[in-house]
$ cat entry-v1.txt   # compact mmCIF, C-alpha atoms
# COMPACT_ATOMS: atom_id res chain seq x y z
CA MET A 106 -22.88 33.93 15.76
CA SER A 107 -23.88 35.05 12.26
CA THR A 108 -25.58 32.54 9.98
CA VAL A 109 -24.67 34.53 6.88
CA TRP A 110 -22.58 31.70 5.45
CA GLU A 111 -24.75 28.77 6.47
CA ASP A 112 -27.85 30.40 5.04
CA ASN A 113 -26.20 31.01 1.68
CA TYR A 114 -24.31 27.80 0.95
CA SER A 115 -25.07 26.14 -2.35
CA TYR A 116 -26.63 22.69 -2.55
CA THR A 117 -23.18 21.32 -3.45
CA ALA A 118 -21.48 23.01 -0.49
CA ARG A 119 -24.10 21.67 1.91
CA ASN A 120 -23.55 18.15 0.64
CA VAL A 121 -19.85 18.23 -0.22
CA ARG A 122 -17.81 15.19 0.80
CA PRO A 123 -14.30 15.81 2.20
CA SER A 124 -11.29 13.57 1.53
CA PRO A 125 -11.01 10.97 4.30
CA VAL A 126 -7.24 10.71 3.83
CA ARG A 127 -6.74 14.46 4.12
CA GLU A 128 -8.97 14.48 7.19
CA MET A 129 -6.66 11.85 8.77
CA LEU A 130 -3.49 13.93 8.46
CA ALA A 131 -3.58 15.15 12.06
CA VAL A 132 -3.64 11.56 13.29
CA ILE A 133 -1.02 10.35 10.82
CA LYS A 134 1.45 13.08 11.83
CA GLN A 135 1.56 12.09 15.50
CA PRO A 136 5.14 11.56 16.74
CA GLY A 137 6.32 7.97 16.27
CA MET A 138 3.46 7.07 13.92
CA ILE A 139 4.22 4.56 11.16
CA SER A 140 1.95 5.55 8.31
CA PHE A 141 0.81 3.24 5.53
CA ALA A 142 -2.08 5.65 4.95
CA GLY A 143 -0.98 8.16 2.32
CA GLY A 144 -0.36 7.61 -1.35
CA MET A 145 2.86 9.59 -1.41
CA PRO A 146 6.02 8.85 -3.37
CA ALA A 147 9.24 8.45 -1.37
CA PRO A 148 11.05 11.81 -1.17
CA GLU A 149 14.42 10.08 -1.52
CA VAL A 150 13.63 9.36 -5.18
CA PHE A 151 12.86 12.96 -6.10
CA PRO A 152 15.42 14.04 -8.75
CA VAL A 153 16.16 17.37 -7.07
CA ASP A 154 19.51 18.12 -8.70
CA LYS A 155 18.52 17.19 -12.25
CA PHE A 156 15.22 19.02 -11.95
CA TYR A 157 17.07 22.08 -10.64
CA GLU A 158 19.23 22.09 -13.77
CA GLY A 159 16.22 23.40 -15.68
CA ALA A 160 15.95 26.53 -13.55
CA HIS A 161 17.89 28.45 -16.19
CA VAL A 162 14.68 28.66 -18.24
CA LEU A 163 13.51 31.46 -15.96
CA LYS A 164 16.55 33.51 -16.89
CA ASP A 165 16.40 32.51 -20.55
CA ASP A 166 12.67 32.98 -21.14
CA GLY A 167 11.26 34.50 -17.97
CA LYS A 168 9.34 37.27 -19.73
CA ASN A 169 7.16 34.60 -21.37
CA LEU A 170 7.07 32.03 -18.57
CA LEU A 171 5.99 34.59 -15.99
CA GLN A 172 3.07 35.59 -18.23
CA TYR A 173 -0.25 33.76 -18.63
CA GLY A 174 0.07 30.62 -20.73
CA THR A 175 -2.33 28.88 -23.08
CA THR A 176 -5.12 26.90 -21.44
CA GLU A 177 -4.34 23.85 -23.57
CA GLY A 178 -0.81 23.60 -22.19
CA PHE A 179 2.85 24.24 -23.04
CA PRO A 180 3.23 23.02 -26.65
CA PRO A 181 6.76 21.56 -26.33
CA LEU A 182 5.69 19.44 -23.33
CA LYS A 183 2.62 18.22 -25.21
CA GLU A 184 4.81 17.23 -28.14
CA PHE A 185 7.16 15.36 -25.81
CA LEU A 186 4.26 13.49 -24.19
CA ALA A 187 2.78 12.58 -27.57
CA SER A 188 6.09 10.89 -28.42
CA PHE A 189 6.73 9.44 -24.94
CA THR A 190 3.28 7.81 -24.73
CA ALA A 191 3.03 6.69 -28.38
CA GLU A 192 3.76 3.00 -27.73
CA ARG A 193 1.19 2.79 -24.94
CA MET A 194 -1.41 4.81 -26.83
CA GLY A 195 -1.00 2.87 -30.07
CA ARG A 196 -0.04 5.97 -32.04
CA THR A 197 1.41 9.44 -31.72
CA VAL A 198 -1.56 11.56 -30.74
CA LYS A 199 -2.05 15.07 -32.09
CA THR A 200 -1.56 18.07 -29.85
CA ASP A 201 -5.23 19.05 -30.14
CA GLU A 202 -6.08 15.63 -28.69
CA MET A 203 -4.22 16.48 -25.47
CA LEU A 204 -4.76 18.85 -22.56
CA LEU A 205 -2.26 19.56 -19.78
CA THR A 206 -3.89 19.85 -16.37
CA THR A 207 -2.95 20.97 -12.87
CA GLY A 208 -2.41 17.42 -11.69
CA SER A 209 -4.53 14.53 -12.88
CA GLN A 210 -7.03 15.36 -10.13
CA GLN A 211 -8.04 18.39 -12.18
CA ALA A 212 -8.64 16.08 -15.13
CA LEU A 213 -11.29 14.29 -13.07
CA GLU A 214 -12.88 17.59 -12.12
CA LEU A 215 -12.98 18.92 -15.69
CA PHE A 216 -14.32 15.64 -17.05
CA ALA A 217 -17.02 15.57 -14.39
CA SER A 218 -17.97 19.16 -15.26
CA ALA A 219 -18.30 18.20 -18.91
CA LEU A 220 -20.38 15.05 -18.44
CA ILE A 221 -22.23 14.82 -15.14
CA ASP A 222 -25.67 16.25 -14.47
CA ARG A 223 -27.07 15.78 -10.98
CA GLY A 224 -28.64 12.35 -10.72
CA ASP A 225 -26.56 10.76 -13.49
CA PHE A 226 -24.91 7.39 -12.89
CA VAL A 227 -21.23 6.56 -13.21
CA ILE A 228 -19.90 3.02 -13.43
CA THR A 229 -16.74 2.38 -11.42
CA GLU A 230 -14.82 -0.51 -9.99
CA ASN A 231 -15.90 -1.37 -6.48
CA PRO A 232 -13.58 -0.40 -4.77
CA SER A 233 -12.31 2.66 -6.63
CA TYR A 234 -10.07 5.69 -6.20
CA LEU A 235 -11.70 7.66 -3.40
CA ALA A 236 -10.79 11.11 -4.76
CA ALA A 237 -12.49 10.23 -8.05
CA LEU A 238 -15.59 9.04 -6.20
CA THR A 239 -15.56 12.27 -4.18
CA THR A 240 -15.24 14.44 -7.30
CA PHE A 241 -18.06 12.66 -9.13
CA TYR A 242 -20.26 12.66 -6.01
CA ASN A 243 -19.75 16.39 -5.51
CA HIS A 244 -21.00 16.90 -9.07
CA GLY A 245 -24.18 15.01 -8.20
CA ALA A 246 -23.34 11.56 -9.54
CA GLN A 247 -24.65 8.26 -8.27
CA PHE A 248 -22.70 5.03 -8.71
CA LEU A 249 -22.96 1.55 -10.09
CA GLY A 250 -20.12 -0.52 -8.65
CA ILE A 251 -18.54 -3.47 -10.45
CA PRO A 252 -16.52 -5.93 -8.36
CA THR A 253 -12.91 -6.75 -9.17
CA ASP A 254 -10.59 -9.73 -8.98
CA ASN A 255 -6.90 -10.19 -9.75
CA GLU A 256 -7.60 -9.31 -13.42
CA GLY A 257 -9.30 -6.02 -12.63
CA MET A 258 -12.92 -5.02 -13.22
CA LYS A 259 -15.22 -7.96 -13.97
CA VAL A 260 -16.28 -6.46 -17.28
CA ASP A 261 -18.54 -9.40 -18.17
CA LEU A 262 -20.98 -8.04 -15.59
CA LEU A 263 -21.28 -4.68 -17.35
CA PRO A 264 -23.93 -5.47 -19.99
CA GLY A 265 -26.36 -6.75 -17.39
CA VAL A 266 -25.74 -3.77 -15.10
CA ILE A 267 -26.17 -1.26 -17.94
CA GLU A 268 -29.33 -2.89 -19.31
CA LYS A 269 -30.90 -3.05 -15.85
CA ALA A 270 -30.01 0.58 -15.13
CA ARG A 271 -31.50 1.77 -18.40
CA ALA A 272 -34.63 -0.28 -17.87
CA GLU A 273 -35.03 1.56 -14.55
CA GLY A 274 -34.67 4.94 -16.30
CA LYS A 275 -31.15 5.62 -15.04
CA LYS A 276 -28.78 7.61 -17.24
CA VAL A 277 -25.30 6.04 -17.29
CA LYS A 278 -22.79 8.70 -18.37
CA PHE A 279 -19.41 6.95 -18.36
CA ILE A 280 -17.25 4.11 -17.08
CA TYR A 281 -14.34 5.04 -14.82
CA THR A 282 -11.49 2.55 -14.50
CA ILE A 283 -7.95 2.40 -13.13
CA VAL A 284 -6.42 -0.25 -15.36
CA ASN A 285 -2.87 -0.61 -14.03
CA PHE A 286 -2.03 -1.41 -10.39
CA HIS A 287 -5.43 -0.32 -9.22
CA ASN A 288 -5.81 2.16 -6.38
CA PRO A 289 -6.73 0.69 -3.96
CA GLY A 290 -7.15 -2.89 -5.22
CA GLY A 291 -3.67 -3.46 -6.64
CA SER A 292 -4.90 -5.51 -9.63
CA THR A 293 -4.15 -4.92 -13.32
CA MET A 294 -6.85 -5.32 -15.95
CA SER A 295 -6.04 -8.18 -18.31
CA LEU A 296 -5.58 -7.63 -22.04
CA GLU A 297 -8.73 -9.60 -22.81
CA ARG A 298 -10.82 -7.47 -20.46
CA ARG A 299 -9.44 -4.24 -21.91
CA LYS A 300 -10.59 -5.24 -25.36
CA LYS A 301 -13.94 -6.44 -23.99
CA LEU A 302 -14.46 -3.15 -22.17
CA VAL A 303 -14.01 -1.18 -25.40
CA GLU A 304 -16.47 -3.48 -27.17
CA ILE A 305 -19.06 -2.91 -24.42
CA SER A 306 -18.43 0.84 -24.43
CA GLN A 307 -19.07 1.01 -28.15
CA ARG A 308 -22.09 -1.31 -28.05
CA PHE A 309 -23.84 0.79 -25.40
CA ASP A 310 -22.41 4.16 -26.51
CA ILE A 311 -20.94 4.90 -23.07
CA PRO A 312 -17.50 6.58 -22.91
CA ILE A 313 -14.58 5.42 -20.77
CA PHE A 314 -12.29 7.40 -18.47
CA GLU A 315 -9.03 5.42 -18.32
CA ASP A 316 -7.06 6.63 -15.30
CA ASP A 317 -3.40 5.56 -15.39
CA PRO A 318 -1.25 7.44 -12.86
CA TYR A 319 0.81 4.35 -11.94
CA GLY A 320 1.18 2.62 -15.31
CA TYR A 321 4.87 3.36 -15.81
CA VAL A 322 5.76 2.18 -12.28
CA ARG A 323 5.83 -1.56 -13.09
CA TYR A 324 8.02 -3.91 -11.06
CA GLU A 325 7.55 -7.09 -13.06
CA GLY A 326 5.82 -8.40 -16.18
CA GLU A 327 5.16 -6.66 -19.47
CA HIS A 328 3.50 -3.29 -20.05
CA LEU A 329 0.02 -3.68 -21.53
CA PRO A 330 -1.53 -1.49 -24.25
CA SER A 331 -3.93 1.17 -23.07
CA ILE A 332 -7.68 0.85 -23.47
CA PHE A 333 -7.38 4.02 -25.58
CA SER A 334 -5.26 2.10 -28.12
CA PHE A 335 -8.11 -0.35 -28.81
CA ASP A 336 -10.82 2.29 -29.17
CA ASP A 337 -11.09 3.22 -32.85
CA LYS A 338 -14.28 5.23 -32.24
CA GLY A 339 -12.72 7.86 -29.96
CA GLY A 340 -14.82 7.03 -26.91
CA THR A 341 -11.96 6.72 -24.40
CA LEU A 342 -10.22 9.49 -22.48
CA TYR A 343 -6.79 8.56 -21.09
CA ALA A 344 -5.32 10.39 -18.07
CA GLY A 345 -1.70 10.36 -16.94
CA SER A 346 0.34 12.24 -14.37
CA PHE A 347 3.88 13.29 -13.46
CA SER A 348 3.04 12.94 -9.76
CA LYS A 349 4.23 9.33 -9.50
CA ILE A 350 6.93 9.32 -12.19
CA LEU A 351 8.58 12.65 -11.34
CA ALA A 352 7.14 14.40 -8.27
CA PRO A 353 3.64 15.41 -7.13
CA GLY A 354 4.83 18.97 -6.52
CA SER A 355 5.16 19.44 -10.27
CA ARG A 356 1.33 19.48 -10.37
CA ILE A 357 1.25 18.52 -14.04
CA GLY A 358 -1.05 15.88 -15.49
CA TRP A 359 -2.39 15.25 -18.96
CA VAL A 360 -5.41 13.83 -20.72
CA THR A 361 -5.63 12.41 -24.22
CA GLY A 362 -8.88 11.94 -26.11
CA SER A 363 -10.95 13.01 -29.06
CA LYS A 364 -10.84 16.70 -29.97
CA GLU A 365 -14.50 17.08 -28.97
CA ILE A 366 -14.09 16.11 -25.30
CA ILE A 367 -10.71 17.85 -25.02
CA ARG A 368 -12.27 21.09 -26.25
CA LYS A 369 -15.08 20.88 -23.67
CA MET A 370 -12.55 20.30 -20.90
CA VAL A 371 -10.45 23.23 -22.13
CA VAL A 372 -13.47 25.53 -21.81
CA PHE A 373 -14.08 24.40 -18.23
CA LYS A 374 -10.39 24.83 -17.44
CA GLN A 375 -10.55 28.40 -18.73
CA ALA A 376 -13.06 29.10 -15.97
CA ALA A 377 -11.23 27.04 -13.35
CA ASP A 378 -7.67 28.38 -13.46
CA LEU A 379 -7.08 29.95 -16.92
CA CYS A 380 -3.97 27.79 -17.37
CA SER A 381 -1.62 25.51 -15.46
CA SER A 382 1.62 27.15 -14.37
CA PRO A 383 3.79 27.93 -17.41
CA ILE A 384 6.83 27.82 -15.11
CA CYS A 385 6.08 24.29 -13.88
CA GLN A 386 5.30 23.08 -17.38
CA SER A 387 8.52 24.52 -18.73
CA LEU A 388 10.61 23.02 -15.91
CA VAL A 389 9.03 19.60 -16.47
CA TYR A 390 9.65 19.85 -20.20
CA GLU A 391 13.29 20.80 -19.71
CA TYR A 392 13.74 17.78 -17.43
CA CYS A 393 12.09 15.48 -19.96
CA ARG A 394 13.87 17.00 -22.97
CA LYS A 395 17.24 16.02 -21.55
CA GLY A 396 16.17 12.38 -21.26
CA TYR A 397 16.04 12.45 -17.48
CA LEU A 398 12.51 11.06 -17.18
CA SER A 399 13.40 7.83 -18.98
CA GLU A 400 16.58 7.55 -16.92
CA HIS A 401 14.71 8.14 -13.68
CA LEU A 402 11.93 5.56 -14.06
CA PRO A 403 14.27 2.59 -13.35
CA VAL A 404 15.46 4.41 -10.19
CA ILE A 405 11.87 4.71 -8.96
CA ILE A 406 11.14 1.08 -9.77
CA ASP A 407 14.32 -0.21 -8.13
CA THR A 408 13.52 1.82 -5.01
CA TYR A 409 9.92 0.68 -4.68
CA ARG A 410 10.20 -2.97 -5.72
CA PRO A 411 12.06 -4.08 -2.55
CA LYS A 412 9.55 -2.16 -0.45
CA ARG A 413 6.69 -3.97 -2.20
CA ASP A 414 8.46 -7.29 -1.67
CA LYS A 415 9.13 -6.53 1.98
CA MET A 416 5.49 -5.69 2.65
CA GLU A 417 4.38 -8.86 0.85
CA GLU A 418 6.81 -10.88 2.99
CA CYS A 419 5.54 -9.25 6.20
CA LEU A 420 1.88 -9.68 5.24
CA GLN A 421 2.53 -13.38 4.69
CA LYS A 422 4.37 -13.65 7.99
CA TYR A 423 2.09 -11.64 10.26
CA LEU A 424 -1.37 -11.32 8.68
CA ALA A 425 -1.95 -14.41 6.53
CA PRO A 426 -2.30 -16.59 9.67
CA TYR A 427 -5.41 -14.54 10.50
CA GLY A 428 -7.04 -15.45 7.16
CA ILE A 429 -6.26 -12.09 5.58
CA SER A 430 -5.65 -12.04 1.81
CA TRP A 431 -4.64 -9.57 -0.93
CA VAL A 432 -3.60 -9.19 -4.56
CA LYS A 433 0.15 -8.80 -4.97
CA PRO A 434 0.48 -5.69 -7.16
CA GLU A 435 2.78 -5.89 -10.19
CA GLY A 436 3.39 -2.16 -9.80
CA GLY A 437 1.95 0.95 -8.22
CA PHE A 438 1.76 1.91 -4.56
CA PHE A 439 -0.79 -0.20 -2.66
CA PHE A 440 -1.91 -3.44 -1.08
CA TRP A 441 -5.64 -3.94 -0.50
CA LEU A 442 -6.37 -6.24 2.43
CA ASP A 443 -9.42 -8.48 2.59
CA MET A 444 -10.00 -9.14 6.29
CA PRO A 445 -13.09 -11.34 6.81
CA GLY A 446 -14.76 -10.70 10.13
CA ILE A 447 -12.65 -7.63 10.97
CA ASP A 448 -14.19 -4.15 11.00
CA SER A 449 -11.41 -1.94 9.60
CA ARG A 450 -12.83 1.10 11.40
CA GLU A 451 -12.40 -0.57 14.78
CA LEU A 452 -9.03 -1.93 13.73
CA PHE A 453 -7.90 1.58 12.80
CA LYS A 454 -8.56 2.81 16.35
CA LYS A 455 -6.55 -0.02 17.86
CA ALA A 456 -3.78 0.37 15.30
CA VAL A 457 -3.41 4.09 15.95
CA ASP A 458 -3.00 3.33 19.65
CA LYS A 459 -0.05 1.18 18.58
CA LYS A 460 1.29 4.02 16.39
CA VAL A 461 0.52 2.52 12.99
CA ALA A 462 -1.98 3.96 10.49
CA PHE A 463 -3.70 2.80 7.31
CA VAL A 464 -6.82 3.81 5.40
CA VAL A 465 -10.06 2.00 6.18
CA GLY A 466 -11.86 0.42 3.24
CA THR A 467 -15.27 2.08 3.38
CA PRO A 468 -14.46 5.39 1.55
CA PHE A 469 -13.22 3.45 -1.48
CA CYS A 470 -16.45 1.56 -2.00
CA VAL A 471 -19.63 2.58 -3.77
CA ASP A 472 -21.54 0.88 -0.98
CA GLU A 473 -19.72 1.30 2.32
CA ALA A 474 -20.70 -2.18 3.51
CA ALA A 475 -18.42 -3.66 0.85
CA GLY A 476 -15.42 -1.95 2.44
CA ILE A 477 -15.99 -2.60 6.13
CA ASP A 478 -13.57 -5.55 6.20
CA LYS A 479 -11.04 -3.97 3.79
CA ALA A 480 -7.98 -1.77 4.26
CA ARG A 481 -5.48 0.00 2.01
CA LEU A 482 -1.77 -0.01 2.81
CA ASN A 483 0.83 2.11 1.03
CA PHE A 484 4.38 0.72 0.80
CA THR A 485 6.29 3.37 -1.17
CA PHE A 486 6.74 6.06 1.46
CA VAL A 487 8.22 4.07 4.37
CA GLN A 488 11.57 2.29 4.55
CA PRO A 489 11.76 -1.55 4.41
CA ASP A 490 12.91 -1.91 8.04
CA VAL A 491 9.98 0.23 9.19
CA ILE A 492 7.52 -1.84 7.14
CA GLU A 493 8.10 -4.92 9.29
CA ASP A 494 7.66 -2.97 12.51
CA GLY A 495 4.41 -1.46 11.23
CA ILE A 496 2.92 -4.73 9.99
CA SER A 497 3.82 -6.49 13.23
CA ARG A 498 2.03 -3.73 15.19
CA LEU A 499 -0.99 -4.11 12.92
CA ALA A 500 -0.95 -7.86 13.58
CA GLU A 501 -0.95 -7.19 17.32
CA ALA A 502 -4.05 -5.02 16.94
CA ILE A 503 -5.76 -7.72 14.88
CA GLY A 504 -4.83 -10.33 17.46
CA GLU A 505 -6.44 -8.26 20.19
CA MET A 506 -9.62 -7.90 18.14
CA LYS A 507 -9.73 -11.61 17.45
CA ALA A 508 -9.26 -12.34 21.12

$ encode --input "entry-v1.txt" --output "structure tokens"
Amino acid sequence: MSTVWEDNYSYTARNVRPSPVREMLAVIKQPGMISFAGGMPAPEVFPVDKFYEGAHVLKDDGKNLLQYGTTEGFPPLKEFLASFTAERMGRTVKTDEMLLTTGSQQALELFASALIDRGDFVITENPSYLAALTTFYNHGAQFLGIPTDNEGMKVDLLPGVIEKARAEGKKVKFIYTIVNFHNPGGSTMSLERRKKLVEISQRFDIPIFEDDPYGYVRYEGEHLPSIFSFDDKGGTLYAGSFSKILAPGSRIGWVTGSKEIIRKMVVFKQAADLCSSPICQSLVYEYCRKGYLSEHLPVIIDTYRPKRDKMEECLQKYLAPYGISWVKPEGGFFFWLDMPGIDSRELFKKAVDKKVAFVVGTPFCVDEAAGIDKARLNFTFVQPDVIEDGISRLAEAIGEMKA
């Protein structure tokens, strides 16, 4: 067999890290499998009919929409988002402070391209969003992990971590945080910690990437201001997405930040895909323009809240007796299980035999050892009656391990 490819792979290709969730799809799709593994919205909440109403834009303006669009994004949609996010952002941002991306995952990629040199360090929560860790790792980053509790990242630890890293000659490029309904941890960063994080960012001159794909999917409590809204020096980049509040197939995300970082990301996007789909952007705008997005958010919340409550009830019933604990999320998609003495990798094998799947904790952690006894469970995709069946099967697998 020819070695023409193997001999010519780049350093990045030889060391690239695949997505563990994507790699699990073959297992998850087995007949009869109850999957708590993915991070997918429930298809029953997709607003198919109202989204379809916007299809007339192809007939009305197809000659423009079928052409290349601007890299920065469809101006009417940017103007809508500036207004829609104004309360959370603390002001109505300018259109040159915003970039539309092909999903918020692209925002991570463009930001990494703009900031990371091989060997740089990134501060993240520990655990953190595994696709962000994968993106930063594939750009050559190393990590400094900060533990979390039910109020999010323990930001009081940051000064000591940063000072120690700098004393050792390490270059810390940015702080990555998921502030609302953390993936996977489920916690929400408190108001006090948000303000403290901005103060630390400014003191040490280290920017923040504020990732907020779930922020509008809140089941209880009050919405909190963004970190961006407290940062008067322009050192925070905020990322949002339509994937969880409309549908992931729209593939539209957005980032808001200072003109300087937005411009750098625009240049990298020019090389990556020229522009996000003008058709998708126009369809999303038409949906939003008619007020459907604001009308649809309560539908999403009312669909997911009982699923969250059902999983909480079942975790209490079946898993708490084994000493397993978790943070009850006020919104979002996930529970993060702390399972002392249980190797989640071994549990996964037993659980799959019982036709129930979850994601093991190790890929979410900067140091894999921190995730050995952890597991992430998604509650949005499955129906409430299936949740109990799946958690009871998981409990059976745990019981067998304990025995």

$ closest_atom_pairs --input "entry-v1.txt" --of "stretch 180-234 of chain A" --to "stretch 310-315 of chain A" --cutoff "12 Å" --atoms "all atoms listed in the file" --output "tab-separated table"
residue	atom	partner	partner_atom	distance
A:Met194	CA	A:Glu315	CA	11.4
A:Ser209	CA	A:Glu315	CA	11.5
A:Ala212	CA	A:Phe314	CA	10.0
A:Leu213	CA	A:Phe314	CA	8.8
A:Leu215	CA	A:Phe314	CA	11.9
A:Phe216	CA	A:Phe314	CA	8.6
A:Ala217	CA	A:Phe314	CA	10.3
A:Leu220	CA	A:Pro312	CA	10.0
A:Phe226	CA	A:Ile311	CA	11.2
A:Val227	CA	A:Ile311	CA	10.0
A:Ile228	CA	A:Ile313	CA	9.4
A:Thr229	CA	A:Phe314	CA	9.7
A:Glu230	CA	A:Glu315	CA	11.8

$ write_last_selection --input "entry-v1.txt" --atoms "C-alpha atoms" --output "compact mmCIF listing (two decimals), keeping the file's coordinate frame"
# COMPACT_ATOMS: atom_id res chain seq x y z
CA MET A 194 -1.41 4.81 -26.83
CA SER A 209 -4.53 14.53 -12.88
CA ALA A 212 -8.64 16.08 -15.13
CA LEU A 213 -11.29 14.29 -13.07
CA LEU A 215 -12.98 18.92 -15.69
CA PHE A 216 -14.32 15.64 -17.05
CA ALA A 217 -17.02 15.57 -14.39
CA LEU A 220 -20.38 15.05 -18.44
CA PHE A 226 -24.91 7.39 -12.89
CA VAL A 227 -21.23 6.56 -13.21
CA ILE A 228 -19.90 3.02 -13.43
CA THR A 229 -16.74 2.38 -11.42
CA GLU A 230 -14.82 -0.51 -9.99

$ residues_around --input "entry-v1.txt" --residues "A:Val266" --least-positions-apart "3" --cutoff "10 Å" --atoms "only C-alpha atoms" --output "JSON, numbers by chain"
{"A": [228, 249, 250, 251, 261, 262, 263, 269, 270, 271, 272]}

$ closest_residue --input "entry-v1.txt" --among "A:Lys199, A:Lys183, A:His401, A:Lys278" --to "A:Arg223" --atoms "only C-alpha atoms"
A:Lys278

$ closest_residue --input "entry-v1.txt" --among "A:Arg410, A:Glu177, A:His161, A:Gly167" --to "A:Phe373" --atoms "all atoms listed in the file"
A:Glu177

$ residues_around --input "entry-v1.txt" --residues "stretch 496-500 of chain A" --least-positions-apart "4" --cutoff "7 Å" --atoms "all atoms listed in the file" --output "PDB file with C-alpha atoms, in the coordinates of the input"
ATOM      1  CA  CYS A 419       5.540  -9.250   6.200  1.00  0.00           C
ATOM      2  CA  LEU A 420       1.880  -9.680   5.240  1.00  0.00           C
ATOM      3  CA  TYR A 423       2.090 -11.640  10.260  1.00  0.00           C
ATOM      4  CA  LEU A 424      -1.370 -11.320   8.680  1.00  0.00           C
ATOM      5  CA  ALA A 456      -3.780   0.370  15.300  1.00  0.00           C
ATOM      6  CA  LYS A 459      -0.050   1.180  18.580  1.00  0.00           C
ATOM      7  CA  VAL A 461       0.520   2.520  12.990  1.00  0.00           C
ATOM      8  CA  ILE A 492       7.520  -1.840   7.140  1.00  0.00           C
ATOM      9  CA  GLY A 504      -4.830 -10.330  17.460  1.00  0.00           C
TER      10      GLY A 504
END

$ atom_distance --input "entry-v1.txt" --atom1 "atom CA of A:Gly345" --atom2 "atom CA of A:Ala475"
28.2 Å

$ closest_residue --input "entry-v1.txt" --among "A:Pro289, A:Glu214, A:Asp222, A:Phe189" --to "A:Thr253" --atoms "only C-alpha atoms"
A:Pro289

$ atom_distance --input "entry-v1.txt" --atom1 "atom CA of A:Val260" --atom2 "atom CA of A:Asn285"
15.0 Å

$ closest_residue --input "entry-v1.txt" --among "A:Gly274, A:Cys380, A:Asn243, A:Asp225" --to "A:Tyr116" --atoms "all atoms listed in the file"
A:Asn243

$ closest_residue --input "entry-v1.txt" --among "A:Ala191, A:Ala508, A:Val303, A:Leu442" --to "A:Leu482" --atoms "all atoms listed in the file"
A:Leu442

$ closest_residue --input "entry-v1.txt" --among "A:Lys507, A:Leu351, A:Ala160, A:Val457" --to "A:Leu402" --atoms "all atoms listed in the file"
A:Leu351

$ residues_near_point --input "entry-v1.txt" --point "(14.9, 1.2, -6.6)" --cutoff "12 Å" --atoms "all atoms listed in the file" --output "PyMOL selection string"
chain A and resi 147+149-151+322-324+401-414+485+488-489

$ write_last_selection --input "entry-v1.txt" --atoms "C-alpha atoms" --output "PDB file, keeping the file's coordinate frame"
ATOM      1  CA  ALA A 147       9.240   8.450  -1.370  1.00  0.00           C
ATOM      2  CA  GLU A 149      14.420  10.080  -1.520  1.00  0.00           C
ATOM      3  CA  VAL A 150      13.630   9.360  -5.180  1.00  0.00           C
ATOM      4  CA  PHE A 151      12.860  12.960  -6.100  1.00  0.00           C
ATOM      5  CA  VAL A 322       5.760   2.180 -12.280  1.00  0.00           C
ATOM      6  CA  ARG A 323       5.830  -1.560 -13.090  1.00  0.00           C
ATOM      7  CA  TYR A 324       8.020  -3.910 -11.060  1.00  0.00           C
ATOM      8  CA  HIS A 401      14.710   8.140 -13.680  1.00  0.00           C
ATOM      9  CA  LEU A 402      11.930   5.560 -14.060  1.00  0.00           C
ATOM     10  CA  PRO A 403      14.270   2.590 -13.350  1.00  0.00           C
ATOM     11  CA  VAL A 404      15.460   4.410 -10.190  1.00  0.00           C
ATOM     12  CA  ILE A 405      11.870   4.710  -8.960  1.00  0.00           C
ATOM     13  CA  ILE A 406      11.140   1.080  -9.770  1.00  0.00           C
ATOM     14  CA  ASP A 407      14.320  -0.210  -8.130  1.00  0.00           C
ATOM     15  CA  THR A 408      13.520   1.820  -5.010  1.00  0.00           C
ATOM     16  CA  TYR A 409       9.920   0.680  -4.680  1.00  0.00           C
ATOM     17  CA  ARG A 410      10.200  -2.970  -5.720  1.00  0.00           C
ATOM     18  CA  PRO A 411      12.060  -4.080  -2.550  1.00  0.00           C
ATOM     19  CA  LYS A 412       9.550  -2.160  -0.450  1.00  0.00           C
ATOM     20  CA  ARG A 413       6.690  -3.970  -2.200  1.00  0.00           C
ATOM     21  CA  ASP A 414       8.460  -7.290  -1.670  1.00  0.00           C
ATOM     22  CA  THR A 485       6.290   3.370  -1.170  1.00  0.00           C
ATOM     23  CA  GLN A 488      11.570   2.290   4.550  1.00  0.00           C
ATOM     24  CA  PRO A 489      11.760  -1.550   4.410  1.00  0.00           C
TER      25      PRO A 489
END

$ atom_distance --input "entry-v1.txt" --atom1 "atom CA of A:Gly428" --atom2 "atom CA of A:Asp254"
17.5 Å

$ axis_aligned_box --input "entry-v1.txt" --around "stretch 386-399 of chain A" --padding-each-side "8 Å" --output "lines of an AutoDock Vina configuration file"
center_x = 11.3
center_y = 16.2
center_z = -19.4
size_x = 27.9
size_y = 32.7
size_z = 23.1

$ residues_around --input "entry-v1.txt" --residues "A:Gly257" --least-positions-apart "3" --cutoff "12 Å" --atoms "all atoms listed in the file" --output "MDAnalysis selection string"
chainID A and resid 229:233 251:254 260:261 282:299 302 432 434

$ residues_around --input "entry-v1.txt" --residues "A:Tyr157" --least-positions-apart "6" --cutoff "10 Å" --atoms "only C-alpha atoms" --output "JSON, numbers by chain"
{"A": [388, 391, 392]}

$ residues_around --input "entry-v1.txt" --residues "A:Arg308" --least-positions-apart "5" --cutoff "12 Å" --atoms "only C-alpha atoms" --output "list of chain:residue names"
A:Leu263, A:Pro264, A:Ile267, A:Glu268, A:Lys301, A:Leu302, A:Val303, A:Asp336, A:Lys338, A:Gly340
